[in-house]
>>> print(open('run08.csv').read())   # CSV, C-alpha atoms
chain,number,residue,atom,x,y,z
A,203,MET,CA,54.7,-77.1,2.0
A,204,ILE,CA,53.1,-76.4,5.4
A,205,SER,CA,55.4,-74.4,7.7
A,206,PRO,CA,56.2,-76.1,11.1
A,207,LEU,CA,55.7,-72.7,12.7
A,208,SER,CA,53.9,-69.7,11.3
A,209,ILE,CA,53.6,-66.4,13.3
A,210,LYS,CA,51.4,-63.6,11.9
A,211,ASN,CA,51.0,-60.1,13.4
A,212,ILE,CA,51.6,-61.2,17.0
A,213,SER,CA,51.3,-58.4,19.5
A,214,LYS,CA,51.5,-58.5,23.3
A,215,ALA,CA,51.4,-55.8,26.0
A,216,HIS,CA,51.8,-56.1,29.7
A,217,ARG,CA,50.0,-53.2,31.4
A,218,ASP,CA,51.4,-50.2,29.6
A,219,GLN,CA,54.5,-51.8,28.2
A,220,VAL,CA,54.5,-53.3,24.7
A,221,VAL,CA,56.3,-56.7,24.8
A,222,LEU,CA,55.8,-57.8,21.2
A,223,ARG,CA,54.7,-55.6,18.3
A,224,ASN,CA,53.2,-56.9,15.1
A,225,LEU,CA,55.7,-59.8,14.8
A,226,ASN,CA,55.8,-62.0,11.8
A,227,LEU,CA,57.9,-65.1,11.3
A,228,GLN,CA,57.7,-68.4,9.3
A,229,LEU,CA,60.0,-71.3,9.8
A,230,LYS,CA,61.0,-73.7,7.1
A,231,SER,CA,61.1,-77.5,7.6
A,232,GLY,CA,64.6,-78.7,8.4
A,233,GLU,CA,66.1,-75.4,9.4
A,234,ILE,CA,67.9,-74.2,12.5
A,235,PHE,CA,66.6,-70.7,13.5
A,236,ALA,CA,68.0,-68.6,16.3
A,237,LEU,CA,66.2,-65.9,18.1
A,238,VAL,CA,68.5,-63.4,19.7
A,239,GLY,CA,68.0,-60.2,21.7
A,240,LEU,CA,68.8,-58.3,24.9
A,241,ASN,CA,67.3,-59.3,28.2
A,242,GLY,CA,63.6,-58.3,28.1
A,243,ALA,CA,63.5,-58.2,24.3
A,244,GLY,CA,60.4,-60.6,24.2
A,245,LYS,CA,62.0,-63.9,23.3
A,246,THR,CA,60.6,-66.0,26.2
A,247,THR,CA,57.2,-64.2,25.9
A,248,LEU,CA,57.1,-65.3,22.2
A,249,ILE,CA,57.9,-68.9,23.1
A,250,LYS,CA,55.2,-68.9,25.8
A,251,ILE,CA,52.7,-67.6,23.3
A,252,ILE,CA,53.7,-70.3,20.8
A,253,LEU,CA,53.1,-72.9,23.5
A,254,ASP,CA,49.7,-71.3,24.5
A,255,LEU,CA,51.0,-70.7,28.0
A,256,ILE,CA,50.0,-67.1,27.6
A,257,HIS,CA,47.7,-65.4,25.1
A,258,SER,CA,48.7,-62.7,22.6
A,259,ASP,CA,46.6,-59.6,22.3
A,260,SER,CA,46.3,-60.0,18.6
A,261,GLY,CA,47.7,-62.1,15.7
A,262,PHE,CA,47.7,-65.8,14.9
A,263,ILE,CA,50.2,-68.7,15.3
A,264,ALA,CA,50.0,-72.0,13.5
A,265,LEU,CA,52.0,-75.2,14.2
A,266,SER,CA,52.1,-77.4,11.1
A,267,GLY,CA,49.0,-75.6,9.9
A,268,ILE,CA,47.0,-76.0,13.2
A,269,CYS,CA,46.1,-73.0,15.3
A,270,SER,CA,48.4,-73.0,18.4
A,271,VAL,CA,45.5,-72.6,20.8
A,272,GLN,CA,44.3,-76.1,19.9
A,273,SER,CA,46.0,-78.8,22.0
A,274,GLN,CA,46.7,-81.1,19.0
A,275,ALA,CA,48.9,-78.3,17.5
A,276,ARG,CA,51.6,-79.3,20.0
A,277,ASP,CA,51.6,-83.0,19.1
A,278,ASN,CA,54.7,-82.5,16.9
A,279,LEU,CA,56.6,-80.2,19.2
A,280,ALA,CA,59.0,-80.6,22.2
A,281,TYR,CA,60.0,-77.7,24.4
A,282,LEU,CA,63.0,-77.2,26.8
A,283,PRO,CA,62.7,-74.1,29.1
A,284,GLU,CA,65.6,-72.0,30.1
A,285,CYS,CA,65.3,-72.9,33.8
A,286,PHE,CA,64.9,-76.7,33.4
A,287,SER,CA,64.3,-79.0,36.3
A,288,ALA,CA,62.7,-82.3,37.0
A,289,PRO,CA,60.8,-83.7,40.0
A,290,SER,CA,63.3,-84.2,42.8
A,291,TYR,CA,62.0,-87.7,43.8
A,292,LEU,CA,62.8,-89.2,40.4
A,293,LYS,CA,65.9,-90.9,39.1
A,294,VAL,CA,67.2,-89.8,35.7
A,295,ASN,CA,65.9,-93.0,33.9
A,296,GLU,CA,62.5,-92.6,35.6
A,297,PHE,CA,62.2,-89.0,34.4
A,298,LEU,CA,63.2,-89.9,30.8
A,299,PHE,CA,60.8,-92.8,30.7
A,300,TYR,CA,57.9,-90.7,32.1
A,301,MET,CA,58.5,-87.8,29.8
A,302,LEU,CA,58.9,-89.9,26.7
A,303,GLY,CA,55.6,-91.6,27.6
A,304,LEU,CA,54.0,-88.2,27.5
A,305,TYR,CA,55.6,-87.6,24.1
A,306,GLN,CA,54.2,-91.0,23.0
A,307,GLN,CA,57.7,-92.0,22.0
A,308,PRO,CA,59.1,-95.4,23.0
A,309,ILE,CA,62.6,-95.2,24.4
A,310,CYS,CA,65.3,-96.6,22.2
A,311,GLU,CA,68.0,-98.1,24.5
A,312,ILE,CA,70.6,-98.0,21.8
A,313,GLU,CA,70.0,-94.3,21.0
A,314,LEU,CA,69.9,-93.5,24.8
A,315,SER,CA,73.3,-95.2,25.3
A,316,ALA,CA,74.8,-93.3,22.3
A,317,LEU,CA,73.5,-90.0,23.7
A,318,LEU,CA,74.9,-90.7,27.1
A,319,CYS,CA,78.3,-91.4,25.6
A,320,HIS,CA,77.9,-88.3,23.3
A,321,PHE,CA,77.5,-86.1,26.4
A,322,ALA,CA,80.3,-87.8,28.4
A,323,LEU,CA,77.9,-89.7,30.7
A,324,ASP,CA,77.9,-93.3,31.7
A,325,GLU,CA,75.1,-95.8,32.1
A,326,ALA,CA,75.3,-95.5,36.0
A,327,PHE,CA,74.2,-91.9,35.5
A,328,LEU,CA,70.7,-93.1,34.8
A,329,ASN,CA,70.2,-94.3,38.4
A,330,LYS,CA,71.1,-91.0,39.9
A,331,ARG,CA,68.4,-88.9,41.5
A,332,VAL,CA,67.9,-85.6,39.8
A,333,THR,CA,68.5,-83.7,43.1
A,334,THR,CA,72.1,-84.8,43.0
A,335,LEU,CA,72.8,-83.2,39.6
A,336,SER,CA,74.5,-80.0,38.9
A,337,LYS,CA,72.9,-77.3,36.7
A,338,GLY,CA,74.9,-78.3,33.7
A,339,THR,CA,74.3,-82.0,34.1
A,340,MET,CA,70.6,-81.4,34.6
A,341,GLN,CA,70.7,-79.5,31.3
A,342,LYS,CA,72.2,-82.5,29.6
A,343,VAL,CA,69.2,-84.6,30.8
A,344,GLY,CA,66.8,-82.1,29.2
A,345,LEU,CA,68.7,-82.1,26.0
A,346,ILE,CA,68.8,-85.9,25.8
A,347,LEU,CA,65.1,-85.9,26.3
A,348,MET,CA,64.6,-83.4,23.4
A,349,LEU,CA,66.8,-85.5,21.2
A,350,LEU,CA,65.0,-88.7,22.1
A,351,SER,CA,61.6,-87.1,21.6
A,352,GLN,CA,61.9,-87.4,17.7
A,353,LYS,CA,59.5,-84.4,17.4
A,354,PRO,CA,59.6,-82.5,14.1
A,355,LEU,CA,59.9,-79.1,15.9
A,356,LEU,CA,62.1,-78.4,18.9
A,357,LEU,CA,61.8,-75.1,20.9
A,358,LEU,CA,64.8,-74.6,23.0
A,359,ASP,CA,65.1,-71.6,25.3
A,360,GLU,CA,68.8,-70.9,26.0
A,361,PRO,CA,69.8,-74.6,25.4
A,362,MET,CA,73.5,-73.9,26.0
A,363,SER,CA,72.9,-72.6,29.5
A,364,GLY,CA,75.2,-74.3,32.1
A,365,LEU,CA,77.0,-76.5,29.5
A,366,ASP,CA,80.8,-76.8,29.5
A,367,PRO,CA,82.6,-76.3,26.2
A,368,LEU,CA,82.7,-80.1,25.3
A,369,SER,CA,78.9,-80.4,25.9
A,370,ARG,CA,78.3,-77.3,23.8
A,371,MET,CA,80.2,-78.9,21.0
A,372,ALA,CA,78.3,-82.1,21.4
A,373,LEU,CA,74.9,-80.3,21.3
A,374,LYS,CA,75.9,-78.4,18.2
A,375,THR,CA,76.8,-81.7,16.5
A,376,SER,CA,73.4,-83.2,17.5
A,377,LEU,CA,71.5,-80.2,16.2
A,378,ARG,CA,73.2,-80.5,12.9
A,379,GLU,CA,72.2,-84.1,12.7
A,380,LEU,CA,68.6,-83.1,13.5
A,381,LYS,CA,68.7,-80.7,10.5
A,382,GLN,CA,69.9,-83.5,8.3
A,383,ARG,CA,66.9,-85.6,9.3
A,384,GLY,CA,64.6,-82.8,8.4
A,385,GLN,CA,63.7,-81.7,12.0
A,386,THR,CA,63.3,-78.0,12.7
A,387,VAL,CA,64.9,-76.2,15.7
A,388,LEU,CA,64.0,-72.8,17.1
A,389,PHE,CA,66.3,-71.7,19.9
A,390,SER,CA,67.0,-68.5,21.8
A,391,SER,CA,70.5,-67.6,22.8
A,392,HIS,CA,72.9,-64.9,23.9
A,393,LEU,CA,75.9,-66.9,22.6
A,394,LEU,CA,76.4,-65.3,19.3
A,395,LEU,CA,79.3,-67.5,18.3
A,396,ASP,CA,77.1,-70.5,18.6
A,397,VAL,CA,74.4,-68.8,16.5
A,398,GLU,CA,77.0,-67.9,13.8
A,399,GLN,CA,78.2,-71.5,13.6
A,400,LEU,CA,74.8,-73.2,13.7
A,401,CYS,CA,72.0,-71.3,12.2
A,402,ASP,CA,70.4,-71.2,8.7
A,403,ARG,CA,68.6,-68.0,9.7
A,404,ILE,CA,68.6,-65.6,12.6
A,405,GLY,CA,66.0,-63.2,14.0
A,406,ILE,CA,67.1,-60.1,16.0
A,407,LEU,CA,64.4,-59.2,18.4
A,408,HIS,CA,64.6,-55.8,20.1
A,409,HIS,CA,61.9,-53.9,22.1
A,410,GLY,CA,59.4,-56.5,20.8
A,411,GLU,CA,60.1,-55.9,17.1
A,412,LEU,CA,62.0,-58.2,14.7
A,413,LEU,CA,64.7,-55.9,13.4
A,414,PHE,CA,66.3,-58.5,11.1
A,415,CYS,CA,65.4,-61.9,9.8
A,416,GLY,CA,67.7,-63.7,7.4
A,417,SER,CA,70.9,-65.7,7.1
A,418,VAL,CA,74.1,-65.0,9.1
A,419,GLU,CA,75.7,-63.9,5.8
A,420,GLN,CA,72.9,-61.5,5.1
A,421,CYS,CA,73.1,-60.2,8.6
A,422,LEU,CA,76.8,-59.5,8.4
A,423,ALA,CA,76.4,-57.8,5.1
A,424,GLU,CA,73.4,-55.7,6.3
A,425,TYR,CA,75.3,-54.3,9.3
A,426,GLU,CA,78.7,-54.3,7.6
A,427,ALA,CA,80.2,-56.4,10.4
A,428,ASP,CA,82.9,-59.1,10.6
A,429,ASN,CA,81.1,-61.3,13.1
A,430,MET,CA,77.7,-61.7,14.7
A,431,GLU,CA,78.6,-59.9,17.9
A,432,LEU,CA,79.4,-56.7,15.9
A,433,ALA,CA,76.3,-57.1,13.7
A,434,PHE,CA,74.0,-57.5,16.7
A,435,LEU,CA,75.4,-54.5,18.4
A,436,ALA,CA,75.0,-52.5,15.2
A,437,ALA,CA,71.4,-53.6,14.9
A,438,VAL,CA,70.3,-52.7,18.4
A,439,ALA,CA,72.4,-49.5,18.8
A,440,GLY,CA,70.1,-46.6,19.5
A,441,VAL,CA,67.0,-48.4,18.3
A,442,GLY,CA,64.0,-47.4,20.5
A,443,ASP,CA,66.2,-45.6,23.0
>>> encode(input="run08.csv", output="C-alpha coordinates")
Amino acid sequence: MISPLSIKNISKAHRDQVVLRNLNLQLKSGEIFALVGLNGAGKTTLIKIILDLIHSDSGFIALSGICSVQSQARDNLAYLPECFSAPSYLKVNEFLFYMLGLYQQPICEIELSALLCHFALDEAFLNKRVTTLSKGTMQKVGLILMLLSQKPLLLLDEPMSGLDPLSRMALKTSLRELKQRGQTVLFSSHLLLDVEQLCDRIGILHHGELLFCGSVEQCLAEYEADNMELAFLAAVAGVGD
(Lines of atoms letter the chains of each structure in order from A and count residues from 1; the text may use other names and numbers.)
(Lines give C-alpha, C1' and ligand atoms only; values in the text may rest on other atoms or scores of the structure.)
Protein backbone atom coordinates (compact mmCIF):
# COMPACT_ATOMS: atom_id res chain seq x y z
CA MET A 1 0.00 0.00 0.00
CA ILE A 2 1.29 3.47 -0.91
CA SER A 3 2.08 5.64 2.11
CA PRO A 4 0.17 8.95 2.34
CA LEU A 5 3.47 10.55 3.40
CA SER A 6 6.98 9.20 2.96
CA ILE A 7 10.02 11.20 4.15
CA LYS A 8 13.49 9.93 3.27
CA ASN A 9 16.81 11.37 4.44
CA ILE A 10 15.58 14.97 4.69
CA SER A 11 18.20 17.48 5.82
CA LYS A 12 17.95 21.25 6.09
CA ALA A 13 20.37 23.88 7.35
CA HIS A 14 19.90 27.61 7.80
CA ARG A 15 23.23 29.39 7.47
CA ASP A 16 25.47 27.45 9.86
CA GLN A 17 22.67 25.87 11.89
CA VAL A 18 21.36 22.39 11.13
CA VAL A 19 17.56 22.44 11.37
CA LEU A 20 16.83 18.86 10.19
CA ARG A 21 19.33 16.04 9.95
CA ASN A 22 18.77 12.88 7.87
CA LEU A 23 15.15 12.56 8.90
CA ASN A 24 13.11 9.51 7.88
CA LEU A 25 9.41 8.93 8.48
CA GLN A 26 6.61 6.99 6.80
CA LEU A 27 2.97 7.40 7.73
CA LYS A 28 0.38 4.66 7.47
CA SER A 29 -3.08 5.20 6.02
CA GLY A 30 -5.68 5.81 8.71
CA GLU A 31 -3.30 6.68 11.52
CA ILE A 32 -2.98 9.71 13.78
CA PHE A 33 0.66 10.71 14.14
CA ALA A 34 1.95 13.42 16.47
CA LEU A 35 5.21 15.28 16.02
CA VAL A 36 6.45 16.72 19.31
CA GLY A 37 9.53 18.68 20.27
CA LEU A 38 10.82 21.78 21.99
CA ASN A 39 10.53 25.19 20.35
CA GLY A 40 12.96 25.28 17.44
CA ALA A 41 13.17 21.49 17.13
CA GLY A 42 12.31 21.65 13.40
CA LYS A 43 8.62 20.69 13.41
CA THR A 44 7.31 23.66 11.43
CA THR A 45 10.30 23.53 9.06
CA LEU A 46 9.51 19.91 8.27
CA ILE A 47 5.85 20.74 7.59
CA LYS A 48 6.89 23.59 5.27
CA ILE A 49 9.18 21.23 3.34
CA ILE A 50 6.34 18.71 3.00
CA LEU A 51 4.20 21.52 1.55
CA ASP A 52 7.03 22.63 -0.77
CA LEU A 53 6.98 26.09 0.80
CA ILE A 54 10.71 25.73 1.38
CA HIS A 55 13.21 23.29 -0.11
CA SER A 56 15.30 20.75 1.75
CA ASP A 57 19.05 20.56 1.19
CA SER A 58 18.84 16.83 0.54
CA GLY A 59 16.39 13.94 0.70
CA PHE A 60 13.03 13.12 -0.83
CA ILE A 61 9.38 13.44 0.19
CA ALA A 62 6.45 11.70 -1.51
CA LEU A 63 2.75 12.29 -0.94
CA SER A 64 0.70 9.25 -1.97
CA GLY A 65 3.67 8.19 -4.10
CA ILE A 66 4.07 11.57 -5.86
CA CYS A 67 7.16 13.73 -5.32
CA SER A 68 6.22 16.64 -3.06
CA VAL A 69 7.70 19.27 -5.40
CA GLN A 70 4.99 18.46 -7.95
CA SER A 71 1.81 20.49 -7.41
CA GLN A 72 -0.49 17.47 -7.89
CA ALA A 73 1.15 15.83 -4.88
CA ARG A 74 -0.90 18.14 -2.66
CA ASP A 75 -4.26 17.33 -4.26
CA ASN A 76 -5.05 14.92 -1.43
CA LEU A 77 -3.81 17.11 1.41
CA ALA A 78 -5.26 19.89 3.60
CA TYR A 79 -3.12 22.08 5.87
CA LEU A 80 -3.88 24.23 8.90
CA PRO A 81 -1.01 26.51 10.01
CA GLU A 82 -0.35 27.34 13.65
CA CYS A 83 -1.11 31.06 13.21
CA PHE A 84 -4.29 30.69 11.22
CA SER A 85 -6.18 33.70 9.88
CA ALA A 86 -8.60 34.55 7.07
CA PRO A 87 -9.08 37.66 4.91
CA SER A 88 -10.65 40.33 7.14
CA TYR A 89 -13.29 41.40 4.61
CA LEU A 90 -14.92 37.95 4.43
CA LYS A 91 -17.73 36.50 6.48
CA VAL A 92 -17.24 33.01 7.90
CA ASN A 93 -19.53 31.37 5.33
CA GLU A 94 -17.81 33.23 2.46
CA PHE A 95 -14.42 32.03 3.65
CA LEU A 96 -15.55 28.41 3.99
CA PHE A 97 -17.22 28.39 0.55
CA TYR A 98 -14.15 29.98 -1.06
CA MET A 99 -11.67 27.58 0.52
CA LEU A 100 -13.76 24.49 -0.15
CA GLY A 101 -13.91 25.61 -3.77
CA LEU A 102 -10.11 25.63 -3.84
CA TYR A 103 -10.17 22.14 -2.34
CA GLN A 104 -12.65 21.15 -5.07
CA GLN A 105 -14.99 19.93 -2.38
CA PRO A 106 -18.70 20.86 -2.51
CA ILE A 107 -20.02 22.06 0.81
CA CYS A 108 -22.41 19.75 2.63
CA GLU A 109 -24.92 21.88 4.53
CA ILE A 110 -25.91 19.00 6.81
CA GLU A 111 -22.30 18.27 7.76
CA LEU A 112 -21.56 21.98 8.24
CA SER A 113 -24.54 22.34 10.59
CA ALA A 114 -23.42 19.27 12.53
CA LEU A 115 -19.87 20.65 12.90
CA LEU A 116 -21.16 24.03 14.07
CA CYS A 117 -23.15 22.26 16.76
CA HIS A 118 -20.16 20.04 17.57
CA PHE A 119 -18.01 23.11 18.28
CA ALA A 120 -20.79 24.93 20.18
CA LEU A 121 -21.51 27.45 17.39
CA ASP A 122 -24.88 28.46 15.95
CA GLU A 123 -25.98 29.08 12.37
CA ALA A 124 -25.84 32.87 12.87
CA PHE A 125 -22.08 32.47 13.38
CA LEU A 126 -21.67 31.93 9.63
CA ASN A 127 -22.66 35.55 8.95
CA LYS A 128 -20.01 37.03 11.23
CA ARG A 129 -16.99 38.76 9.73
CA VAL A 130 -13.74 37.04 10.60
CA THR A 131 -12.35 40.29 12.05
CA THR A 132 -14.84 39.96 14.93
CA LEU A 133 -13.66 36.49 15.97
CA SER A 134 -11.43 35.64 18.90
CA LYS A 135 -8.31 33.54 18.36
CA GLY A 136 -10.03 30.41 19.65
CA THR A 137 -13.13 30.94 17.53
CA MET A 138 -11.01 31.61 14.44
CA GLN A 139 -9.22 28.35 15.17
CA LYS A 140 -12.58 26.56 15.13
CA VAL A 141 -13.24 27.96 11.65
CA GLY A 142 -9.96 26.51 10.41
CA LEU A 143 -10.69 23.15 11.98
CA ILE A 144 -14.19 23.04 10.52
CA LEU A 145 -12.64 23.75 7.12
CA MET A 146 -10.17 20.86 7.59
CA LEU A 147 -12.96 18.48 8.56
CA LEU A 148 -15.11 19.54 5.60
CA SER A 149 -12.23 19.21 3.13
CA GLN A 150 -12.50 15.38 3.11
CA LYS A 151 -8.81 15.17 2.20
CA PRO A 152 -7.09 11.82 2.88
CA LEU A 153 -4.17 13.56 4.64
CA LEU A 154 -4.44 16.45 7.10
CA LEU A 155 -1.40 18.41 8.31
CA LEU A 156 -2.25 20.37 11.45
CA ASP A 157 0.34 22.62 13.09
CA GLU A 158 -0.62 23.04 16.78
CA PRO A 159 -4.36 22.46 16.11
CA MET A 160 -5.32 22.81 19.79
CA SER A 161 -3.92 26.36 19.95
CA GLY A 162 -6.42 28.76 21.52
CA LEU A 163 -9.14 26.14 22.06
CA ASP A 164 -11.06 25.89 25.31
CA PRO A 165 -11.34 22.45 27.02
CA LEU A 166 -14.74 21.65 25.46
CA SER A 167 -13.47 22.48 21.96
CA ARG A 168 -10.35 20.38 22.52
CA MET A 169 -12.56 17.43 23.43
CA ALA A 170 -14.70 18.06 20.35
CA LEU A 171 -11.63 18.11 18.11
CA LYS A 172 -10.30 14.89 19.57
CA THR A 173 -13.64 13.21 18.89
CA SER A 174 -13.54 14.47 15.29
CA LEU A 175 -9.98 13.23 14.73
CA ARG A 176 -10.92 9.77 15.98
CA GLU A 177 -13.81 9.76 13.51
CA LEU A 178 -11.42 10.68 10.68
CA LYS A 179 -9.25 7.73 11.64
CA GLN A 180 -12.25 5.41 11.49
CA ARG A 181 -12.93 6.67 7.95
CA GLY A 182 -9.36 5.87 6.92
CA GLN A 183 -8.04 9.44 6.80
CA THR A 184 -4.51 10.17 8.04
CA VAL A 185 -3.59 13.00 10.40
CA LEU A 186 -0.14 14.43 11.12
CA PHE A 187 -0.16 17.12 13.79
CA SER A 188 2.41 18.92 15.88
CA SER A 189 1.70 19.71 19.52
CA HIS A 190 3.15 20.69 22.86
CA LEU A 191 0.12 19.25 24.66
CA LEU A 192 1.41 15.82 25.57
CA LEU A 193 -1.77 14.67 27.30
CA ASP A 194 -3.64 15.13 24.02
CA VAL A 195 -0.88 13.24 22.23
CA GLU A 196 -1.09 10.39 24.73
CA GLN A 197 -4.86 10.13 24.32
CA LEU A 198 -5.05 10.46 20.54
CA CYS A 199 -2.09 9.05 18.71
CA ASP A 200 -1.29 5.73 17.12
CA ARG A 201 2.34 6.81 16.89
CA ILE A 202 4.49 9.66 18.05
CA GLY A 203 7.74 11.17 16.76
CA ILE A 204 10.02 13.06 19.16
CA LEU A 205 12.02 15.64 17.20
CA HIS A 206 15.01 17.21 18.94
CA HIS A 207 17.75 19.35 17.39
CA GLY A 208 16.51 18.26 13.96
CA GLU A 209 16.75 14.52 14.65
CA LEU A 210 13.99 12.01 15.26
CA LEU A 211 14.93 10.57 18.65
CA PHE A 212 11.97 8.23 18.83
CA CYS A 213 9.22 6.99 16.53
CA GLY A 214 6.63 4.50 17.72
CA SER A 215 3.48 4.03 19.76
CA VAL A 216 2.79 5.80 23.03
CA GLU A 217 3.13 2.45 24.82
CA GLN A 218 6.52 1.87 23.22
CA CYS A 219 7.62 5.37 24.16
CA LEU A 220 6.62 4.91 27.80
CA ALA A 221 8.48 1.61 27.92
CA GLU A 222 11.55 2.99 26.12
CA TYR A 223 12.00 5.79 28.64
CA GLU A 224 10.60 3.93 31.68
CA ALA A 225 7.99 6.64 32.23
CA ASP A 226 4.44 6.69 33.59
CA ASN A 227 3.19 9.36 31.18
CA MET A 228 4.20 11.15 27.99
CA GLU A 229 5.44 14.27 29.75
CA LEU A 230 8.00 12.25 31.72
CA ALA A 231 8.91 10.19 28.65
CA PHE A 232 9.47 13.33 26.57
CA LEU A 233 11.65 14.93 29.23
CA ALA A 234 13.70 11.74 29.51
CA ALA A 235 14.13 11.62 25.73
CA VAL A 236 15.44 15.16 25.33
CA ALA A 237 17.41 15.44 28.59
CA GLY A 238 21.01 16.27 27.76
CA VAL A 239 20.72 15.28 24.09
CA GLY A 240 22.87 17.57 21.97
CA ASP A 241 23.51 19.98 24.85
>>> atom_distance(input="run08.csv", atom1="CA of Leu380 in chain A", atom2="CA of Ala433 in chain A")
27.1 Å
>>> atom_distance(input="run08.csv", atom1="CA of Asn226 in chain A", atom2="CA of Ile209 in chain A")
5.1 Å
>>> atom_distance(input="run08.csv", atom1="CA of Tyr281 in chain A", atom2="CA of Pro308 in chain A")
17.8 Å
>>> closest_residue(input="run08.csv", among="A:Leu350, A:Leu377, A:Ala288, A:Ala243", to="Val397 in chain A", atoms="only C-alpha atoms")
A:Leu377
>>> closest_residue(input="run08.csv", among="A:Met340, A:Leu302, A:Ala322, A:Ile212", to="Glu284 in chain A", atoms="only C-alpha atoms")
A:Met340
>>> closest_residue(input="run08.csv", among="A:Leu265, A:Ile249, A:Ala372, A:Ile309", to="Leu357 in chain A", atoms="all atoms listed in the file")
A:Ile249
>>> residues_around(input="run08.csv", residues="Phe297 in chain A", least_positions_apart="4", cutoff="12 Å", atoms="all atoms listed in the file", output="JSON, numbers by chain")
{"A": [287, 288, 289, 290, 291, 292, 293, 301, 302, 303, 304, 309, 328, 329, 330, 331, 332, 333, 340, 343, 344, 346, 347]}
>>> closest_residue(input="run08.csv", among="A:Ile252, A:Val294, A:Leu317, A:Met430", to="Gln272 in chain A", atoms="all atoms listed in the file")
A:Ile252
>>> residues_around(input="run08.csv", residues="Glu398 in chain A", least_positions_apart="4", cutoff="12 Å", atoms="all atoms listed in the file", output="list in words")
Ile234, Phe235, Ala236, Leu237, Val238, Lys374, Ser391, His392, Leu393, Leu394, Asp402, Arg403, Ile404, Gly405, Ser417, Val418, Glu419, Gln420, Cys421, Leu422, Asp428, Asn429, Met430, Glu431, Leu432, Ala433 and Phe434 of chain A
